[in-house]
Number of protein chains: 2
Amino acid sequence: MYNICVLGAGYMGSAITFPLARRNNNVNLWGTWLDDEIMKTCMDGLPHPKLDEPLPSPVKLFYSDDLEDAVRGSDIIFIGISSEGFLSVFRRLLDVLDHNKYIYTLTKGFVDDDGRIKKTSAAAAELLDNKFGDGKFLWTSIGGPVKALEVCRDIPTVSVYGSKTEEMAGMADHFCTDHYKVVHTNDITGVELSADFKNVFATGMGIIDGLYGPEMAGNFHNFSSLIFNQSIIEISRIVEKAGGKKETVFDNAGIGDLYTTSQSGRNRKFGELIGRGGPPEEVYRTMLEEGELAEGYHTLKLGKQWLEDNYSGLLEELPLFNAIYDVVFKDKDPLEQLSGILKNL
Amino acid sequence: MYNICVLGAGYMGSAITFPLARRNNNVNLWGTWLDDEIMKTCMDGLPHPKLDEPLPSPVKLFYSDDLEDAVRGSDIIFIGISSEGFLSVFRRLLDVLDHNKYIYTLTKGFVDDDGRIKKTSAAAAELLDNKFGDGKFLWTSIGGPVKALEVCRDIPTVSVYGSKTEEMAGMADHFCTDHYKVVHTNDITGVELSADFKNVFATGMGIIDGLYGPEMAGNFHNFSSLIFNQSIIEISRIVEKAGGKKETVFDNAGIGDLYTTSQSGRNRKFGELIGRGGPPEEVYRTMLEEGELAEGYHTLKLGKQWLEDNYSGLLEELPLFNAIYDVVFKDKDPLEQLSGILKNL
């Protein structure tokens, strides 16, 4: 039994409190300044507005102003915020931390740190080292095929925890329930990059759905399948080049997560609307105004920059990534770009 | 340009004539005794009853009685019949062959050869050797994510051709079109076993769809995803044990083909009806009466026997295969069996 503070009261942060509380951990849930309305609703005893379920009753709730109270006494910090909000929340967290704690993060993607594109974990490692200088990185990155709404409804779920720290793997066994299974790997890079880049490729899968539309439903699986497979192949190339293991991609963190993300969700929808003819920038902005952030858009932009900065020549081995990029940022024809992949197989 | 005889005028045999004819090969299409009605319809100039498209006009059509005429003068034989009909058609073919020809086969699965369970290619190799005794096996097994209806409608498609013969790979480049791409591997075992066993695992994916039903659509992807991933892992274990390469499974022949088969088709439907509570034997028979053969049922039965006969101990590493087997043949509870997989991850 641990004392755990979860940062972020959106989908994932709130959902993870369900298995944590069921295993009798003491859970504090802190909402960011964007979550104050959600927290008020939950404090009034109403269902969580995004999950449409009441949070587990033992979970203690904290407004954005009360970060220090929420964190005090916790052994473990869970981070469940968007990558856009990551740096500002993480800096606030460090302000109130008096020693290096165990951090499990659900946050995916890249951050733009004053013009330098970094993985969130790399940015966190720098900040932690600046503050504590002990070189310890008590960090676990969480990936795998996990939709928040299903976690709080006890749908069988596997989550992949990537950590170099065996101690943290042992602790995570106390987060498992009959329906929420944690599997471990020491390949943090593989877990993170699979989670990041799957959003791009789920956008590609969505584009195909949009191109053919419901009237052709079920009649373009040959195409979807080869794009799905090519997505996995390209993620494995990225991970291997970045020092991770392709075995991580050919497993729940890669295949499993891309499967979930390709079937539903915002990134798939972003692609679908583009496939139907929507101008990508306009689709992105409209979705954002409706509260739906298509992370794939950012991963395309920041991820491409990160790949260019760090792994010269790799982009040439990613024809599908490039095709999706050209559709989203260069207004190239979606069918021509995606079916062009056949030439590169 | 080759002279090609395609055996079998069902979905796949008929569909493959489209790219073959487009590349100006001379194509004969021979229908089995079960296809005589189809052939008559096509000879009358009407659309192919299963594909709902007229066959390409240069394709010459042959009734079941005219096998010798159909085969005469062909350089290449394509086999596009069901595994159930394979042995009897193949024996007839050998009766009319005067020398060993290049054989490309779309037929998947296992055959029961007088009580011995064999892969179709192994059974074919024995028969060819008995007849010609030259030890040459001019054989290509075709897999990959290919639905027939999409091939004849120019949906972008990749097909994986497994052959030890470089000459046959070179010949197959003459079957490609802008929409039908052939990729090559020398891992026949990987291509065949991926194609065979995916039917079992697509049944598993269908069971989950059936358990939750349309009213929960989109709300059990965590579960589907981990089952999809576990399917790929178990196919890779089978292939590796049988001397194939897991790289073949982690590519279009495995990931791609399972994706297609899990999204639609008879094996998925067979599972879905079981997930909704249908008694497996009854579901199988009802579908069969309606002309829909659930190959996964046979691959479960014959494939299990084949695994036990040849790879002692391997079944213990296939918890999902066993779970699906127990649902279909031992009337075990589907949700309990499939969610039980979590314990084995």
# chains A, B, ... in the order shown; residues from 1 in each chain; ligands from 1
$ interface_residues --of "chain B" --to "chain A" --cutoff "9 Å" --atoms "only C-alpha atoms" --output "PyMOL selection string"
chain B and resi 144-147+149-151+155-158+178-183+218-230+232-233+250-252+254-261+263-264+339+342-343+345
$ residues_around --residues "range 111-124 of chain B" --least-positions-apart "3" --cutoff "10 Å" --atoms "only C-alpha atoms" --output "PyMOL selection string"
chain B and resi 83-87+90-91+94+105+107-108+127-130+137+139-141+188-189+192-193+196+298-299+302-307+309
$ write_last_selection --atoms "N, CA, C and O atoms" --output "CSV table (one decimal), in the first residue's frame"
chain,number,residue,atom,x,y,z
B,83,SER,N,-9.1,-25.6,-48.5
B,83,SER,CA,-8.2,-26.7,-48.1
B,83,SER,C,-9.0,-28.1,-48.1
B,83,SER,O,-8.4,-29.1,-48.3
B,84,GLU,N,-10.3,-28.0,-47.8
B,84,GLU,CA,-11.1,-29.3,-47.8
B,84,GLU,C,-11.0,-29.9,-49.2
B,84,GLU,O,-11.0,-31.2,-49.3
B,85,GLY,N,-11.1,-29.1,-50.3
B,85,GLY,CA,-11.1,-29.7,-51.6
B,85,GLY,C,-9.7,-30.0,-52.2
B,85,GLY,O,-9.5,-30.5,-53.3
B,86,PHE,N,-8.7,-29.6,-51.4
B,86,PHE,CA,-7.3,-29.5,-52.0
B,86,PHE,C,-6.8,-30.9,-52.5
B,86,PHE,O,-6.4,-31.0,-53.7
B,87,LEU,N,-6.9,-31.9,-51.6
B,87,LEU,CA,-6.2,-33.2,-52.0
B,87,LEU,C,-6.9,-33.8,-53.3
B,87,LEU,O,-6.2,-34.2,-54.2
B,90,PHE,N,-5.9,-31.7,-56.3
B,90,PHE,CA,-4.5,-31.8,-56.6
B,90,PHE,C,-4.2,-33.2,-57.2
B,90,PHE,O,-3.4,-33.3,-58.1
B,91,ARG,N,-4.8,-34.2,-56.7
B,91,ARG,CA,-4.6,-35.6,-57.4
B,91,ARG,C,-5.1,-35.6,-58.8
B,91,ARG,O,-4.4,-36.1,-59.7
B,94,LEU,N,-2.5,-33.8,-60.9
B,94,LEU,CA,-1.4,-34.6,-61.2
B,94,LEU,C,-1.6,-35.6,-62.3
B,94,LEU,O,-0.8,-36.0,-63.1
B,105,THR,N,0.2,-21.2,-54.9
B,105,THR,CA,-1.1,-21.6,-54.2
B,105,THR,C,-1.6,-20.6,-53.2
B,105,THR,O,-0.9,-20.0,-52.4
B,107,THR,N,-4.3,-21.7,-51.5
B,107,THR,CA,-4.9,-22.5,-50.5
B,107,THR,C,-4.2,-22.6,-49.2
B,107,THR,O,-3.0,-22.7,-49.2
B,108,LYS,N,-4.9,-22.5,-48.1
B,108,LYS,CA,-4.3,-22.4,-46.8
B,108,LYS,C,-4.8,-23.6,-46.0
B,108,LYS,O,-5.7,-24.3,-46.4
B,127,LEU,N,3.1,-35.8,-53.0
B,127,LEU,CA,2.4,-36.2,-54.2
B,127,LEU,C,3.2,-35.9,-55.5
B,127,LEU,O,3.4,-36.7,-56.4
B,128,LEU,N,3.8,-34.7,-55.5
B,128,LEU,CA,4.6,-34.3,-56.6
B,128,LEU,C,5.9,-35.2,-56.7
B,128,LEU,O,6.2,-35.7,-57.8
B,129,ASP,N,6.4,-35.6,-55.6
B,129,ASP,CA,7.6,-36.4,-55.6
B,129,ASP,C,7.3,-37.8,-56.1
B,129,ASP,O,8.0,-38.5,-56.8
B,130,ASN,N,6.1,-38.3,-55.6
B,130,ASN,CA,5.7,-39.6,-56.1
B,130,ASN,C,5.5,-39.7,-57.6
B,130,ASN,O,5.9,-40.7,-58.2
B,137,PHE,N,10.6,-28.9,-56.1
B,137,PHE,CA,9.3,-28.4,-55.5
B,137,PHE,C,9.1,-27.0,-56.0
B,137,PHE,O,9.6,-26.1,-55.3
B,139,TRP,N,7.3,-24.4,-56.0
B,139,TRP,CA,6.1,-24.0,-55.2
B,139,TRP,C,6.2,-22.7,-54.6
B,139,TRP,O,7.3,-22.3,-54.1
B,140,THR,N,5.1,-21.9,-54.6
B,140,THR,CA,5.1,-20.7,-53.9
B,140,THR,C,3.8,-20.6,-53.1
B,140,THR,O,2.7,-20.9,-53.7
B,141,SER,N,3.9,-20.4,-51.8
B,141,SER,CA,2.7,-20.2,-51.0
B,141,SER,C,2.4,-18.7,-50.8
B,141,SER,O,3.2,-18.0,-50.5
B,188,ILE,N,8.7,-19.9,-46.5
B,188,ILE,CA,7.4,-20.5,-46.8
B,188,ILE,C,6.6,-20.9,-45.6
B,188,ILE,O,5.4,-20.6,-45.4
B,189,THR,N,7.4,-21.4,-44.6
B,189,THR,CA,6.7,-21.9,-43.4
B,189,THR,C,6.1,-20.7,-42.6
B,189,THR,O,4.9,-20.8,-42.2
B,192,GLU,N,2.9,-19.7,-44.6
B,192,GLU,CA,1.8,-20.7,-44.5
B,192,GLU,C,1.2,-20.7,-43.1
B,192,GLU,O,-0.1,-20.7,-43.0
B,193,LEU,N,2.0,-20.8,-42.1
B,193,LEU,CA,1.4,-20.9,-40.7
B,193,LEU,C,0.8,-19.6,-40.3
B,193,LEU,O,-0.2,-19.7,-39.5
B,196,ASP,N,-2.6,-19.8,-41.9
B,196,ASP,CA,-3.4,-20.9,-41.3
B,196,ASP,C,-4.0,-20.4,-40.0
B,196,ASP,O,-5.2,-20.4,-39.8
B,298,HIS,N,-11.8,-25.6,-38.3
B,298,HIS,CA,-11.0,-26.7,-38.8
B,298,HIS,C,-9.5,-26.5,-38.4
B,298,HIS,O,-8.9,-27.5,-38.0
B,299,THR,N,-9.1,-25.3,-38.4
B,299,THR,CA,-7.6,-25.1,-38.1
B,299,THR,C,-7.5,-25.3,-36.6
B,299,THR,O,-6.4,-25.8,-36.1
B,302,LEU,N,-7.6,-29.5,-36.6
B,302,LEU,CA,-6.5,-30.1,-37.3
B,302,LEU,C,-5.2,-29.5,-36.8
B,302,LEU,O,-4.2,-30.2,-36.6
B,303,GLY,N,-5.2,-28.2,-36.6
B,303,GLY,CA,-4.0,-27.5,-36.2
B,303,GLY,C,-3.5,-27.9,-34.8
B,303,GLY,O,-2.3,-28.1,-34.6
B,304,LYS,N,-4.4,-28.1,-33.9
B,304,LYS,CA,-4.1,-28.6,-32.6
B,304,LYS,C,-3.4,-30.0,-32.7
B,304,LYS,O,-2.4,-30.2,-32.1
B,305,GLN,N,-4.1,-30.8,-33.5
B,305,GLN,CA,-3.5,-32.2,-33.7
B,305,GLN,C,-2.1,-32.1,-34.3
B,305,GLN,O,-1.2,-32.8,-33.8
B,306,TRP,N,-2.0,-31.3,-35.3
B,306,TRP,CA,-0.7,-31.1,-35.9
B,306,TRP,C,0.4,-30.6,-35.0
B,306,TRP,O,1.5,-31.1,-35.0
B,307,LEU,N,0.0,-29.6,-34.1
B,307,LEU,CA,1.0,-29.1,-33.2
B,307,LEU,C,1.4,-30.2,-32.2
B,307,LEU,O,2.6,-30.3,-31.8
B,309,ASP,N,1.3,-33.4,-32.6
B,309,ASP,CA,2.1,-34.5,-33.3
B,309,ASP,C,3.5,-34.1,-33.5
B,309,ASP,O,4.4,-34.9,-33.5
$ residues_around --residues "range 202-213 of chain A" --least-positions-apart "2" --cutoff "7 Å" --atoms "only C-alpha atoms" --output "CSV table (one decimal) with N, CA and C atoms, in the first residue's frame"
chain,number,residue,atom,x,y,z
A,198,LYS,N,2.6,6.3,-32.4
A,198,LYS,CA,1.3,5.6,-32.8
A,198,LYS,C,0.2,6.6,-33.1
A,199,ASN,N,0.3,7.8,-32.5
A,199,ASN,CA,-0.7,8.8,-32.8
A,199,ASN,C,-0.6,9.3,-34.3
A,200,VAL,N,0.6,9.4,-34.8
A,200,VAL,CA,0.8,9.8,-36.2
A,200,VAL,C,0.2,8.7,-37.1
A,215,GLU,N,-19.8,4.3,-46.7
A,215,GLU,CA,-20.5,3.5,-47.8
A,215,GLU,C,-19.6,2.4,-48.3
A,216,MET,N,-18.3,2.5,-48.1
A,216,MET,CA,-17.4,1.4,-48.5
A,216,MET,C,-17.0,0.6,-47.3
A,217,ALA,N,-17.6,0.8,-46.1
A,217,ALA,CA,-17.2,0.1,-44.9
A,217,ALA,C,-16.9,-1.4,-45.1
A,224,SER,N,-6.1,-0.9,-45.4
A,224,SER,CA,-5.9,-0.6,-44.0
A,224,SER,C,-4.9,-1.5,-43.4
A,227,ILE,N,-1.3,-0.7,-44.3
A,227,ILE,CA,-0.9,0.6,-43.7
A,227,ILE,C,-0.7,0.3,-42.2
A,228,PHE,N,-1.6,-0.5,-41.6
A,228,PHE,CA,-1.4,-0.8,-40.2
A,228,PHE,C,0.0,-1.5,-40.0
A,258,LEU,N,-1.2,0.6,-31.0
A,258,LEU,CA,-1.6,1.1,-32.3
A,258,LEU,C,-3.0,0.5,-32.7
A,261,THR,N,-5.6,2.6,-30.8
A,261,THR,CA,-5.6,4.0,-31.3
A,261,THR,C,-6.1,4.1,-32.7
A,262,SER,N,-6.0,3.0,-33.5
A,262,SER,CA,-6.5,3.0,-34.8
A,262,SER,C,-8.0,2.8,-34.9
A,267,ASN,N,-7.1,10.9,-32.7
A,267,ASN,CA,-6.1,10.9,-33.8
A,267,ASN,C,-6.7,10.2,-35.0
A,268,ARG,N,-7.4,9.1,-34.8
A,268,ARG,CA,-8.1,8.5,-35.9
A,268,ARG,C,-9.1,9.4,-36.6
A,269,LYS,N,-9.8,10.1,-35.7
A,269,LYS,CA,-10.9,11.0,-36.2
A,269,LYS,C,-10.3,12.2,-37.0
A,270,PHE,N,-9.2,12.7,-36.5
A,270,PHE,CA,-8.4,13.8,-37.2
A,270,PHE,C,-8.1,13.3,-38.6
A,271,GLY,N,-7.6,12.1,-38.7
A,271,GLY,CA,-7.3,11.6,-40.0
A,271,GLY,C,-8.5,11.4,-40.9
A,272,GLU,N,-9.6,10.8,-40.3
A,272,GLU,CA,-10.8,10.6,-41.0
A,272,GLU,C,-11.4,11.8,-41.7
A,273,LEU,N,-11.4,12.9,-40.9
A,273,LEU,CA,-11.9,14.2,-41.4
A,273,LEU,C,-11.0,14.7,-42.6
A,274,ILE,N,-9.7,14.5,-42.5
A,274,ILE,CA,-8.8,14.9,-43.6
A,274,ILE,C,-9.1,14.0,-44.8
A,275,GLY,N,-9.3,12.7,-44.6
A,275,GLY,CA,-9.6,11.8,-45.7
A,275,GLY,C,-10.8,12.1,-46.4
A,276,ARG,N,-11.8,12.7,-45.7
A,276,ARG,CA,-13.0,13.1,-46.3
A,276,ARG,C,-12.9,14.5,-47.0
A,296,GLY,N,-1.6,13.6,-32.7
A,296,GLY,CA,-0.8,13.2,-33.9
A,296,GLY,C,-0.3,14.4,-34.7
A,324,ILE,N,2.2,10.8,-44.5
A,324,ILE,CA,1.2,11.4,-43.7
A,324,ILE,C,1.6,12.9,-43.4
$ atom_distance --atom1 "CA of Leu29 in chain B" --atom2 "CA of Ile142 in chain B"
17.9 Å
$ select_by_dssp --residues "range 112-343 of chain A" --states "alpha helix (DSSP H)" --output "PyMOL selection string"
chain A and resi 120-132+148-151+166-172+188-212+221-241+246-249+257-263+266-275+280-289+295-310+319-330+334-339
$ residues_around --residues "Glu53 in chain B" --least-positions-apart "3" --cutoff "10 Å" --atoms "only C-alpha atoms" --output "list in words"
Ala15, Cys42, Leu46, Pro47, His48, Pro49, Lys50, Pro56, Leu149, Cys152 and Arg153 of chain B
$ write_last_selection --atoms "N, CA, C and O atoms" --output "compact mmCIF listing (two decimals), in the first residue's frame"
# COMPACT_ATOMS: atom_id res chain seq x y z
N ALA B 15 -10.64 -13.90 -58.20
CA ALA B 15 -10.12 -12.54 -58.00
C ALA B 15 -8.70 -12.41 -58.55
O ALA B 15 -8.33 -11.37 -59.11
N CYS B 42 -20.81 -17.02 -65.57
CA CYS B 42 -19.75 -16.19 -66.16
C CYS B 42 -19.68 -16.39 -67.67
O CYS B 42 -19.45 -15.43 -68.42
N LEU B 46 -22.43 -12.82 -67.52
CA LEU B 46 -22.95 -12.11 -66.33
C LEU B 46 -21.83 -11.93 -65.30
O LEU B 46 -20.79 -12.58 -65.38
N PRO B 47 -22.05 -11.03 -64.32
CA PRO B 47 -21.05 -10.86 -63.27
C PRO B 47 -20.81 -12.16 -62.49
O PRO B 47 -21.75 -12.96 -62.34
N HIS B 48 -19.61 -12.35 -62.04
CA HIS B 48 -19.29 -13.49 -61.18
C HIS B 48 -20.17 -13.41 -59.93
O HIS B 48 -20.20 -12.37 -59.25
N PRO B 49 -20.90 -14.48 -59.61
CA PRO B 49 -21.89 -14.40 -58.53
C PRO B 49 -21.31 -14.04 -57.16
O PRO B 49 -21.98 -13.41 -56.34
N LYS B 50 -20.07 -14.45 -56.89
CA LYS B 50 -19.49 -14.13 -55.59
C LYS B 50 -18.82 -12.75 -55.59
O LYS B 50 -18.90 -12.01 -54.62
N PRO B 56 -12.44 -10.53 -66.06
CA PRO B 56 -11.77 -9.84 -67.18
C PRO B 56 -12.02 -10.61 -68.48
O PRO B 56 -11.93 -11.85 -68.50
N LEU B 149 -12.57 -9.71 -52.77
CA LEU B 149 -13.46 -8.68 -53.31
C LEU B 149 -12.72 -7.37 -53.53
O LEU B 149 -13.09 -6.58 -54.40
N CYS B 152 -10.32 -7.41 -56.85
CA CYS B 152 -10.93 -7.15 -58.16
C CYS B 152 -11.51 -5.74 -58.24
O CYS B 152 -12.02 -5.33 -59.27
N ARG B 153 -11.44 -4.99 -57.13
CA ARG B 153 -11.92 -3.60 -57.16
C ARG B 153 -10.79 -2.59 -57.01
O ARG B 153 -11.01 -1.44 -56.65
$ select_by_dssp --residues "range 98-313 of chain A" --states "strand (DSSP E or B)" --output "PDB file with C-alpha atoms, in the first residue's frame"
ATOM      1  CA  TYR A 102       9.164   7.753  -7.672  1.00  0.00           C
ATOM      2  CA  ILE A 103       7.494   9.061 -10.799  1.00  0.00           C
ATOM      3  CA  TYR A 104       5.185   7.050 -13.034  1.00  0.00           C
ATOM      4  CA  THR A 105       4.110   8.953 -16.093  1.00  0.00           C
ATOM      5  CA  PHE A 110       7.520  15.588 -27.240  1.00  0.00           C
ATOM      6  CA  VAL A 111       7.978  18.963 -25.629  1.00  0.00           C
ATOM      7  CA  ASP A 112       9.369  22.129 -27.142  1.00  0.00           C
ATOM      8  CA  ASP A 113      11.802  23.390 -24.508  1.00  0.00           C
ATOM      9  CA  ARG A 116      14.804  22.335 -28.465  1.00  0.00           C
ATOM     10  CA  ILE A 117      12.559  19.342 -29.102  1.00  0.00           C
ATOM     11  CA  LYS A 118      12.851  16.734 -26.366  1.00  0.00           C
ATOM     12  CA  LYS A 119      11.053  13.621 -25.226  1.00  0.00           C
ATOM     13  CA  TRP A 139      11.058   7.073 -13.542  1.00  0.00           C
ATOM     14  CA  THR A 140       8.594   4.753 -15.232  1.00  0.00           C
ATOM     15  CA  SER A 141       6.986   5.533 -18.584  1.00  0.00           C
ATOM     16  CA  ILE A 142       3.607   3.903 -19.064  1.00  0.00           C
ATOM     17  CA  GLY A 143       2.323   2.771 -22.449  1.00  0.00           C
ATOM     18  CA  THR A 157      -6.584  -4.151 -19.952  1.00  0.00           C
ATOM     19  CA  VAL A 158      -2.841  -4.578 -20.158  1.00  0.00           C
ATOM     20  CA  SER A 159      -0.509  -1.672 -19.537  1.00  0.00           C
ATOM     21  CA  VAL A 160       3.220  -1.675 -20.261  1.00  0.00           C
ATOM     22  CA  TYR A 161       5.497  -0.065 -17.664  1.00  0.00           C
ATOM     23  CA  GLY A 162       8.963   0.857 -18.882  1.00  0.00           C
ATOM     24  CA  SER A 163      11.588   1.439 -16.219  1.00  0.00           C
ATOM     25  CA  TYR A 180      -5.783  -4.012 -15.031  1.00  0.00           C
ATOM     26  CA  LYS A 181      -2.604  -5.985 -15.629  1.00  0.00           C
ATOM     27  CA  VAL A 182       0.827  -4.376 -15.570  1.00  0.00           C
ATOM     28  CA  VAL A 183       3.660  -5.909 -17.594  1.00  0.00           C
ATOM     29  CA  HIS A 184       7.217  -4.672 -17.267  1.00  0.00           C
ATOM     30  CA  THR A 185      10.094  -3.886 -19.577  1.00  0.00           C
TER      31      THR A 185
END
$ atom_distance --atom1 "CA of Met12 in chain B" --atom2 "CA of Trp30 in chain B"
12.5 Å
$ residues_around --residues "Ser64 in chain B" --least-positions-apart "3" --cutoff "8 Å" --atoms "only C-alpha atoms" --output "PDB file with all heavy atoms, in the first residue's frame"
ATOM      1  N   TRP B  30     -10.333 -22.509 -64.298  1.00  0.00           N
ATOM      2  CA  TRP B  30     -11.051 -23.785 -64.223  1.00  0.00           C
ATOM      3  C   TRP B  30     -11.847 -23.845 -62.928  1.00  0.00           C
ATOM      4  O   TRP B  30     -11.324 -23.560 -61.841  1.00  0.00           O
ATOM      5  CB  TRP B  30     -10.035 -24.943 -64.261  1.00  0.00           C
ATOM      6  CG  TRP B  30     -10.636 -26.297 -64.027  1.00  0.00           C
ATOM      7  CD1 TRP B  30     -11.295 -27.081 -64.921  1.00  0.00           C
ATOM      8  CD2 TRP B  30     -10.634 -27.046 -62.787  1.00  0.00           C
ATOM      9  NE1 TRP B  30     -11.700 -28.261 -64.342  1.00  0.00           N
ATOM     10  CE2 TRP B  30     -11.302 -28.261 -63.016  1.00  0.00           C
ATOM     11  CE3 TRP B  30     -10.121 -26.795 -61.506  1.00  0.00           C
ATOM     12  CZ2 TRP B  30     -11.480 -29.236 -62.039  1.00  0.00           C
ATOM     13  CZ3 TRP B  30     -10.309 -27.764 -60.518  1.00  0.00           C
ATOM     14  CH2 TRP B  30     -10.979 -28.962 -60.792  1.00  0.00           C
ATOM     15  N   GLY B  31     -13.130 -24.169 -63.033  1.00  0.00           N
ATOM     16  CA  GLY B  31     -13.965 -24.308 -61.844  1.00  0.00           C
ATOM     17  C   GLY B  31     -14.069 -25.764 -61.423  1.00  0.00           C
ATOM     18  O   GLY B  31     -14.126 -26.645 -62.284  1.00  0.00           O
ATOM     19  N   THR B  32     -14.073 -26.006 -60.113  1.00  0.00           N
ATOM     20  CA  THR B  32     -14.272 -27.374 -59.633  1.00  0.00           C
ATOM     21  C   THR B  32     -15.721 -27.774 -59.880  1.00  0.00           C
ATOM     22  O   THR B  32     -16.550 -26.970 -60.339  1.00  0.00           O
ATOM     23  CB  THR B  32     -14.004 -27.507 -58.121  1.00  0.00           C
ATOM     24  OG1 THR B  32     -15.081 -26.865 -57.414  1.00  0.00           O
ATOM     25  CG2 THR B  32     -12.686 -26.859 -57.729  1.00  0.00           C
ATOM     26  N   TRP B  33     -16.034 -29.042 -59.549  1.00  0.00           N
ATOM     27  CA  TRP B  33     -17.405 -29.524 -59.701  1.00  0.00           C
ATOM     28  C   TRP B  33     -18.380 -28.724 -58.839  1.00  0.00           C
ATOM     29  O   TRP B  33     -19.571 -28.700 -59.136  1.00  0.00           O
ATOM     30  CB  TRP B  33     -17.488 -31.031 -59.398  1.00  0.00           C
ATOM     31  CG  TRP B  33     -16.735 -31.422 -58.151  1.00  0.00           C
ATOM     32  CD1 TRP B  33     -17.244 -31.628 -56.915  1.00  0.00           C
ATOM     33  CD2 TRP B  33     -15.321 -31.625 -58.055  1.00  0.00           C
ATOM     34  NE1 TRP B  33     -16.244 -31.939 -56.030  1.00  0.00           N
ATOM     35  CE2 TRP B  33     -15.059 -31.957 -56.695  1.00  0.00           C
ATOM     36  CE3 TRP B  33     -14.258 -31.557 -58.957  1.00  0.00           C
ATOM     37  CZ2 TRP B  33     -13.770 -32.232 -56.233  1.00  0.00           C
ATOM     38  CZ3 TRP B  33     -12.974 -31.838 -58.489  1.00  0.00           C
ATOM     39  CH2 TRP B  33     -12.741 -32.162 -57.143  1.00  0.00           C
ATOM     40  N   ASP B  35     -18.169 -25.520 -58.722  1.00  0.00           N
ATOM     41  CA  ASP B  35     -18.219 -24.191 -59.342  1.00  0.00           C
ATOM     42  C   ASP B  35     -18.960 -24.175 -60.677  1.00  0.00           C
ATOM     43  O   ASP B  35     -18.971 -23.132 -61.361  1.00  0.00           O
ATOM     44  CB  ASP B  35     -16.792 -23.661 -59.590  1.00  0.00           C
ATOM     45  CG  ASP B  35     -15.973 -23.513 -58.308  1.00  0.00           C
ATOM     46  OD1 ASP B  35     -16.590 -23.281 -57.252  1.00  0.00           O
ATOM     47  OD2 ASP B  35     -14.743 -23.622 -58.386  1.00  0.00           O
ATOM     48  N   ASP B  36     -19.566 -25.294 -61.071  1.00  0.00           N
ATOM     49  CA  ASP B  36     -20.151 -25.340 -62.416  1.00  0.00           C
ATOM     50  C   ASP B  36     -21.207 -24.254 -62.640  1.00  0.00           C
ATOM     51  O   ASP B  36     -21.274 -23.647 -63.710  1.00  0.00           O
ATOM     52  CB  ASP B  36     -20.746 -26.743 -62.692  1.00  0.00           C
ATOM     53  CG  ASP B  36     -19.656 -27.762 -63.077  1.00  0.00           C
ATOM     54  OD1 ASP B  36     -18.546 -27.324 -63.451  1.00  0.00           O
ATOM     55  OD2 ASP B  36     -19.919 -28.975 -63.000  1.00  0.00           O
ATOM     56  N   LEU B  67     -10.608 -30.209 -67.154  1.00  0.00           N
ATOM     57  CA  LEU B  67      -9.352 -29.867 -66.481  1.00  0.00           C
ATOM     58  C   LEU B  67      -8.156 -30.002 -67.419  1.00  0.00           C
ATOM     59  O   LEU B  67      -7.273 -29.137 -67.454  1.00  0.00           O
ATOM     60  CB  LEU B  67      -9.174 -30.758 -65.240  1.00  0.00           C
ATOM     61  CG  LEU B  67      -7.897 -30.527 -64.428  1.00  0.00           C
ATOM     62  CD1 LEU B  67      -7.831 -29.103 -63.885  1.00  0.00           C
ATOM     63  CD2 LEU B  67      -7.816 -31.505 -63.249  1.00  0.00           C
TER      64      LEU B  67
END
$ atom_distance --atom1 "CA of Leu97 in chain A" --atom2 "CA of Ile81 in chain A"
18.0 Å
$ closest_residue --among "B:Ser74, B:Thr41, B:Asn100, B:Ser57" --to "Lys131 in chain B" --atoms "only C-alpha atoms"
B:Asn100
$ decode --residues "range 19-24 of chain A" --atoms "N, CA, C and O atoms" --output "PDB file, in the first residue's frame"
ATOM      1  N   PRO A  19      -7.892   1.563 -10.516  1.00  0.00           N
ATOM      2  CA  PRO A  19      -7.123   0.410 -10.024  1.00  0.00           C
ATOM      3  C   PRO A  19      -6.269   0.757  -8.801  1.00  0.00           C
ATOM      4  O   PRO A  19      -6.142  -0.078  -7.882  1.00  0.00           O
ATOM      5  N   LEU A  20      -5.731   1.979  -8.752  1.00  0.00           N
ATOM      6  CA  LEU A  20      -4.891   2.343  -7.600  1.00  0.00           C
ATOM      7  C   LEU A  20      -5.699   2.270  -6.305  1.00  0.00           C
ATOM      8  O   LEU A  20      -5.229   1.745  -5.291  1.00  0.00           O
ATOM      9  N   ALA A  21      -6.916   2.799  -6.349  1.00  0.00           N
ATOM     10  CA  ALA A  21      -7.745   2.803  -5.139  1.00  0.00           C
ATOM     11  C   ALA A  21      -8.235   1.396  -4.804  1.00  0.00           C
ATOM     12  O   ALA A  21      -8.311   1.003  -3.638  1.00  0.00           O
ATOM     13  N   ARG A  22      -8.543   0.620  -5.847  1.00  0.00           N
ATOM     14  CA  ARG A  22      -9.045  -0.735  -5.590  1.00  0.00           C
ATOM     15  C   ARG A  22      -8.012  -1.574  -4.846  1.00  0.00           C
ATOM     16  O   ARG A  22      -8.363  -2.456  -4.066  1.00  0.00           O
ATOM     17  N   ARG A  23      -6.726  -1.277  -5.108  1.00  0.00           N
ATOM     18  CA  ARG A  23      -5.664  -2.017  -4.410  1.00  0.00           C
ATOM     19  C   ARG A  23      -5.308  -1.365  -3.073  1.00  0.00           C
ATOM     20  O   ARG A  23      -4.240  -1.596  -2.514  1.00  0.00           O
ATOM     21  N   ASN A  24      -6.224  -0.504  -2.617  1.00  0.00           N
ATOM     22  CA  ASN A  24      -6.095   0.093  -1.281  1.00  0.00           C
ATOM     23  C   ASN A  24      -4.901   1.013  -1.106  1.00  0.00           C
ATOM     24  O   ASN A  24      -4.439   1.229   0.012  1.00  0.00           O
TER      25      ASN A  24
END
